[in-house]
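work.txt follows (compact mmCIF, C-alpha atoms):
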```
# COMPACT_ATOMS: atom_id res chain seq x y z
CA MET A 1 84.68 49.96 159.03
CA ALA A 2 85.55 53.55 159.88
CA THR A 3 84.60 56.27 157.41
CA PRO A 4 87.69 57.87 155.83
CA SER A 5 88.38 61.35 157.12
CA LEU A 6 87.82 64.43 154.98
CA LYS A 7 91.56 64.94 154.80
CA LEU A 8 92.08 61.42 153.47
CA ARG A 9 89.27 61.78 150.94
CA LEU A 10 90.80 65.05 149.70
CA HIS A 11 94.15 63.33 149.42
CA VAL A 12 92.75 60.45 147.36
CA LEU A 13 90.72 62.80 145.14
CA GLY A 14 93.71 65.09 144.62
CA SER A 15 95.89 62.11 143.72
CA LYS A 16 93.45 60.88 141.08
CA ILE A 17 92.93 64.33 139.55
CA HIS A 18 96.66 65.00 139.54
CA LYS A 19 97.53 61.64 137.98
CA TRP A 20 94.99 61.56 135.16
CA LEU A 21 95.25 65.21 134.23
CA ALA A 22 99.04 64.95 134.23
CA ILE A 23 98.80 62.13 131.68
CA PHE A 24 96.34 64.09 129.54
CA VAL A 25 97.99 67.51 129.72
CA GLY A 26 101.59 66.43 130.23
CA VAL A 27 102.46 66.05 126.54
CA GLN A 28 101.25 69.56 125.70
CA VAL A 29 102.99 71.02 128.76
CA LEU A 30 106.20 69.41 127.51
CA LEU A 31 105.60 70.98 124.08
CA TRP A 32 104.97 74.38 125.69
CA MET A 33 108.26 74.25 127.55
CA GLY A 34 110.23 72.74 124.66
CA THR A 35 108.92 75.08 121.97
CA GLY A 36 109.24 78.08 124.28
CA ALA A 37 112.88 77.21 124.96
CA LEU A 38 113.57 76.64 121.26
CA MET A 39 111.98 79.96 120.23
CA SER A 40 114.12 81.78 122.78
CA PHE A 41 117.24 80.44 121.04
CA LEU A 42 116.16 81.68 117.58
CA ASP A 43 117.35 85.15 116.61
CA LEU A 44 114.23 87.20 115.80
CA GLU A 45 116.16 89.25 113.25
CA GLU A 46 117.08 86.03 111.45
CA VAL A 47 113.51 84.72 111.71
CA ARG A 48 112.32 87.85 109.87
CA SER A 49 115.25 87.66 107.38
CA GLU A 50 116.22 91.21 108.38
CA HIS A 51 119.89 90.20 108.25
CA VAL A 52 119.72 89.54 104.49
CA VAL A 53 116.88 91.74 103.17
CA SER A 54 117.15 95.51 103.51
CA ARG A 55 113.97 97.59 103.71
CA GLU A 56 115.79 100.89 103.49
CA GLN A 57 114.00 103.24 101.11
CA GLU A 58 115.81 104.00 97.86
CA ALA A 59 116.97 107.60 97.54
CA LEU A 60 115.00 109.68 95.03
CA PRO A 61 117.13 110.80 92.06
CA ALA A 62 118.25 114.43 92.39
CA ASP A 63 116.63 115.40 89.08
CA ALA A 64 113.37 113.57 89.76
CA PRO A 65 110.34 115.66 88.70
CA LEU A 66 107.54 116.22 91.19
CA PRO A 67 103.93 115.77 90.02
CA ALA A 68 101.95 118.85 89.05
CA TRP A 69 99.14 116.93 87.39
CA GLY A 70 97.51 115.41 90.43
CA ALA A 71 93.94 116.30 91.34
CA ASN A 72 92.25 115.29 94.56
CA ASP A 73 88.69 114.09 94.02
CA GLY A 74 88.22 113.26 97.68
CA THR A 75 89.35 109.66 97.35
CA LEU A 76 93.11 110.19 97.79
CA ALA A 77 94.80 109.04 100.97
CA ALA A 78 98.43 109.76 100.04
CA VAL A 79 100.55 110.83 97.06
CA SER A 80 104.30 110.31 97.09
CA THR A 81 107.11 110.31 94.57
CA ARG A 82 109.79 107.74 95.21
CA SER A 83 112.38 105.59 93.54
CA LEU A 84 111.44 102.17 92.22
CA ASP A 85 114.21 100.03 90.78
CA GLY A 86 116.22 103.16 89.99
CA ASP A 87 113.37 105.11 88.36
CA ALA A 88 111.17 107.84 89.79
CA VAL A 89 107.49 106.91 90.16
CA THR A 90 104.54 108.58 91.82
CA GLU A 91 102.52 106.34 94.08
CA ILE A 92 98.87 107.14 94.68
CA ARG A 93 97.05 105.50 97.56
CA LYS A 94 93.29 105.86 97.84
CA VAL A 95 91.05 105.62 100.86
CA ASP A 96 89.74 102.25 99.69
CA GLY A 97 93.26 100.81 100.04
CA SER A 98 94.05 100.60 96.32
CA VAL A 99 97.52 101.59 95.11
CA SER A 100 98.66 102.66 91.65
CA LEU A 101 101.93 103.89 90.15
CA HIS A 102 102.13 106.84 87.75
CA ASP A 103 104.67 108.63 85.62
CA PRO A 104 105.76 111.68 87.67
CA VAL A 105 105.72 113.99 84.61
CA THR A 106 102.64 112.99 82.64
CA GLY A 107 100.59 111.24 85.30
CA ARG A 108 100.20 108.23 83.04
CA LYS A 109 99.22 105.17 85.02
CA LEU A 110 101.95 102.55 84.95
CA PRO A 111 101.21 98.83 84.64
CA PRO A 112 101.82 96.49 87.58
CA ILE A 113 105.48 95.63 87.96
CA SER A 114 106.78 92.80 85.81
CA ALA A 115 108.61 89.65 86.86
CA ALA A 116 111.89 91.17 85.66
CA THR A 117 111.33 94.27 87.79
CA ALA A 118 110.40 92.12 90.79
CA ARG A 119 113.66 90.17 90.37
CA SER A 120 115.64 93.40 90.14
CA ILE A 121 113.96 94.83 93.27
CA ALA A 122 114.70 91.61 95.15
CA LEU A 123 118.38 91.70 94.17
CA ARG A 124 118.64 95.35 95.23
CA ALA A 125 117.12 94.48 98.60
CA TRP A 126 119.43 91.51 99.24
CA THR A 127 122.23 92.20 101.74
CA GLY A 128 123.27 88.64 102.58
CA PRO A 129 125.98 86.48 101.03
CA ARG A 130 126.10 86.64 97.25
CA THR A 131 123.25 84.72 95.66
CA THR A 132 120.98 84.59 92.63
CA ILE A 133 117.26 84.51 91.96
CA GLU A 134 115.78 81.06 91.40
CA GLY A 135 112.42 82.27 90.14
CA ALA A 136 109.52 84.67 90.47
CA ARG A 137 105.84 83.85 90.32
CA LEU A 138 102.71 85.93 90.73
CA VAL A 139 100.45 84.87 93.60
CA HIS A 140 96.81 85.86 94.02
CA GLU A 141 95.91 83.98 97.20
CA PRO A 142 97.48 83.16 100.58
CA VAL A 143 100.56 80.93 100.53
CA GLY A 144 99.87 78.81 103.61
CA THR A 145 100.78 80.79 106.71
CA GLU A 146 103.79 82.26 104.92
CA PHE A 147 102.08 85.15 103.16
CA ARG A 148 98.54 86.50 103.40
CA GLY A 149 98.57 89.56 101.21
CA PRO A 150 98.14 92.12 99.85
CA PHE A 151 97.51 90.59 96.44
CA PRO A 152 98.56 90.27 93.72
CA ALA A 153 102.17 89.89 94.78
CA TRP A 154 105.37 88.54 93.33
CA GLN A 155 106.97 85.66 95.19
CA VAL A 156 110.69 85.91 94.47
CA ALA A 157 112.78 82.91 95.52
CA TYR A 158 116.48 83.35 96.30
CA ALA A 159 119.00 80.56 95.74
CA ASP A 160 120.44 80.90 99.25
CA GLU A 161 120.88 78.11 101.80
CA ALA A 162 117.86 79.24 103.84
CA SER A 163 115.48 79.10 100.82
CA THR A 164 114.46 82.72 101.39
CA ARG A 165 111.40 84.05 99.60
CA LEU A 166 110.58 87.74 99.31
CA TYR A 167 107.06 88.93 98.56
CA ILE A 168 106.69 92.15 96.58
CA ASP A 169 103.44 94.04 96.05
CA ALA A 170 102.74 93.84 92.31
CA SER A 171 100.78 97.11 92.37
CA SER A 172 103.32 99.29 94.17
CA GLY A 173 106.60 97.38 94.18
CA THR A 174 106.90 97.69 97.95
CA LEU A 175 108.55 94.90 99.91
CA GLY A 176 106.31 92.56 101.83
CA ALA A 177 107.16 89.54 103.94
CA ALA A 178 110.53 87.79 103.75
CA ARG A 179 110.37 84.11 104.68
CA SER A 180 113.18 81.61 105.18
CA ASP A 181 113.63 78.11 106.61
CA THR A 182 114.32 79.72 109.98
CA TRP A 183 110.97 81.49 109.84
CA ARG A 184 109.22 78.27 108.77
CA LEU A 185 110.72 76.43 111.75
CA PHE A 186 109.68 79.25 114.06
CA ASP A 187 106.17 79.26 112.56
CA PHE A 188 105.83 75.49 113.07
CA ILE A 189 106.91 75.52 116.71
CA TRP A 190 104.80 78.63 117.33
CA GLY A 191 101.78 76.67 116.09
CA LEU A 192 102.61 73.87 118.53
CA HIS A 193 103.12 76.39 121.31
CA ILE A 194 99.74 78.13 120.93
CA MET A 195 97.94 74.94 119.79
CA ASP A 196 96.81 76.48 116.51
CA TRP A 197 98.13 74.00 113.97
CA THR A 198 96.57 75.55 110.84
CA GLU A 199 96.31 79.35 110.95
CA ARG A 200 98.89 79.86 113.73
CA ASP A 201 97.55 83.24 114.73
CA ARG A 202 94.93 82.42 117.38
CA ILE A 203 96.08 82.62 120.98
CA ASN A 204 92.61 82.18 122.48
CA SER A 205 91.50 78.84 121.02
CA TRP A 206 89.42 76.42 123.08
CA TRP A 207 92.26 73.90 122.95
CA LEU A 208 94.68 76.36 124.54
CA LEU A 209 92.09 77.41 127.12
CA LEU A 210 91.26 73.79 127.98
CA PHE A 211 94.87 72.72 128.44
CA GLY A 212 95.67 75.91 130.34
CA ILE A 213 92.88 75.19 132.81
CA GLY A 214 94.04 71.57 133.01
CA GLY A 215 97.57 72.66 133.84
CA THR A 216 96.27 74.97 136.56
CA ILE A 217 94.24 72.14 138.11
CA ILE A 218 97.31 69.89 138.05
CA ALA A 219 99.28 72.52 139.94
CA LEU A 220 96.50 73.06 142.51
CA SER A 221 95.98 69.34 143.07
CA GLY A 222 99.73 68.98 143.50
CA PHE A 223 99.64 71.58 146.27
CA VAL A 224 96.79 69.64 147.93
CA LEU A 225 98.90 66.48 147.86
CA LEU A 226 101.92 68.33 149.20
CA ALA A 227 99.92 69.87 152.04
CA ASN A 228 98.60 66.44 153.04
CA ARG A 229 102.00 64.77 152.93
CA MET A 230 103.96 67.43 154.80
CA PRO A 231 102.90 66.30 158.33
CA ARG A 232 103.73 62.69 157.41
CA LEU A 233 107.17 63.71 156.18
CA ARG A 234 107.80 65.66 159.37
CA ARG A 235 106.87 62.66 161.52
CA ARG A 236 109.24 60.45 159.54
CA ALA A 237 112.03 62.99 159.97
CA LYS A 238 111.47 63.08 163.75
CA LYS A 239 111.48 59.28 163.99
CA SER A 240 114.73 59.05 162.05
CA LYS A 241 116.35 61.56 164.42
CA LEU A 242 115.18 59.67 167.52
CA ALA A 243 116.32 56.32 166.15
```
Exercise: express the given structure as structure tokens:
Amino acid sequence: MATPSLKLRLHVLGSKIHKWLAIFVGVQVLLWMGTGALMSFLDLEEVRSEHVVSREQEALPADAPLPAWGANDGTLAAVSTRSLDGDAVTEIRKVDGSVSLHDPVTGRKLPPISAATARSIALRAWTGPRTTIEGARLVHEPVGTEFRGPFPAWQVAYADEASTRLYIDASSGTLGAARSDTWRLFDFIWGLHIMDWTERDRINSWWLLLFGIGGTIIALSGFVLLANRMPRLRRRAKKSKLA
């Protein structure tokens, strides 16, 4: 029996590699294409809830006093006087990342913002259709992939159709992440897309690398099969013309 030619052996090997890798990688390739297409249809502004939550800084009252009591001991990173829920406050940020609010006149340190203040800030920030606040709770640890700090923070839930939640820094009253059902859908399909089903922030996992290499091999083996079949297709075309 004649030994198969190198070309035939390459064809058989390419067929096997192409077939089995296609079965193994095909589902994830389908997810890549499907989730990529779906993400392209989602409005990024809506994903971030920018269409309903305004991050525009409140204007400082005209008669707001400026601090004359501050002293820099070498640990200050920034000092600013701004409006918080309609009142003037002085925010002090230190080089270690800590933030505190103070009375602009006396320098007295103010307590972390209350639930009532967090609700009021959230209502001021809301620019979407009229809604109410369902509740506010203080969180001290990550809320899934939805919010990862800084802590402590107030989680304020709106009563809108998209179940929007706004996170507010309890130390400074600044707005953090705004999350809605649209964002949660985007986050889920993003996790499928990058094959990081838990943290959803790693784009260099071994799973992604493995399937990426597998997809490349499928494409290359497909080209090998195509190159081997082209002469055969040409011969068939010639025979059909002569017939």
Open item on the list: For a quick check of understanding, using all atoms listed in the file, which of A:Ile189, A:Val143, A:Val95, A:Ile133 has the smallest distance to Val156 (chain A)?
Closed with: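 Counting all atoms listed in the file, the residue closest to Val156 (chain A) is A:Ile133.
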Open item on the list: So the first atom is CA of Val47 (chain A) and the second is CA of Arg179 (chain A); what is the distance between them in Å, to one decimal place?
Closed with: 7.7 Å
- [ ] Tell me which of A:Gln28, A:Ile17, A:Thr131, A:Ser100 sits closest to Phe211 (chain A), counting all atoms listed in the file.
- [x]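 Smallest separation from Phe211 (chain A) among the options: A:Gln28.
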Open item on the list: Neighbouring residues of region 112-124 of chain A were defined as those with any atom within 12 Å, considering all atoms listed in the file; residues of the same chain fewer than 5 positions away were excluded. Please report them as a PyMOL selection string.
Closed with: chain A and resi 52-58+83-87+89+91+99-102+129-139+151-159+164-178
TODO: Measure the distance from CA of Ser180 (chain A) to CA of Ala162 (chain A) in Å and round it to one decimal.
DONE: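 Between CA of Ser180 (chain A) and CA of Ala162 (chain A) the gap is 5.4 Å.
Between CA of Asp187 (chain A) and CA of Leu38 (chain A) lies a distance of 11.7 Å.
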Task: Proximity to Arg82 (chain A) - best of A:Pro67, A:Lys94, A:Ser49, A:Gly128, all atoms listed in the file - done: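 Among A:Pro67, A:Lys94, A:Ser49, A:Gly128, it is A:Pro67 that comes nearest to Arg82 (chain A).
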- [ ] Would you please work out which residue, of A:Asp103, A:Glu50, A:Asp43, A:Glu146, is nearest to Arg200 (chain A) when using all atoms listed in the file?
- [x]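 Answer, going by the shortest atom-to-atom distance: A:Glu146.
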Task: Closest of A:Leu110, A:Ala125, A:Ile213, A:Leu220 to His51 (chain A) - atom-to-atom distances counting only C-alpha atoms - done: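 Of all the options, A:Ala125 lies closest to His51 (chain A).
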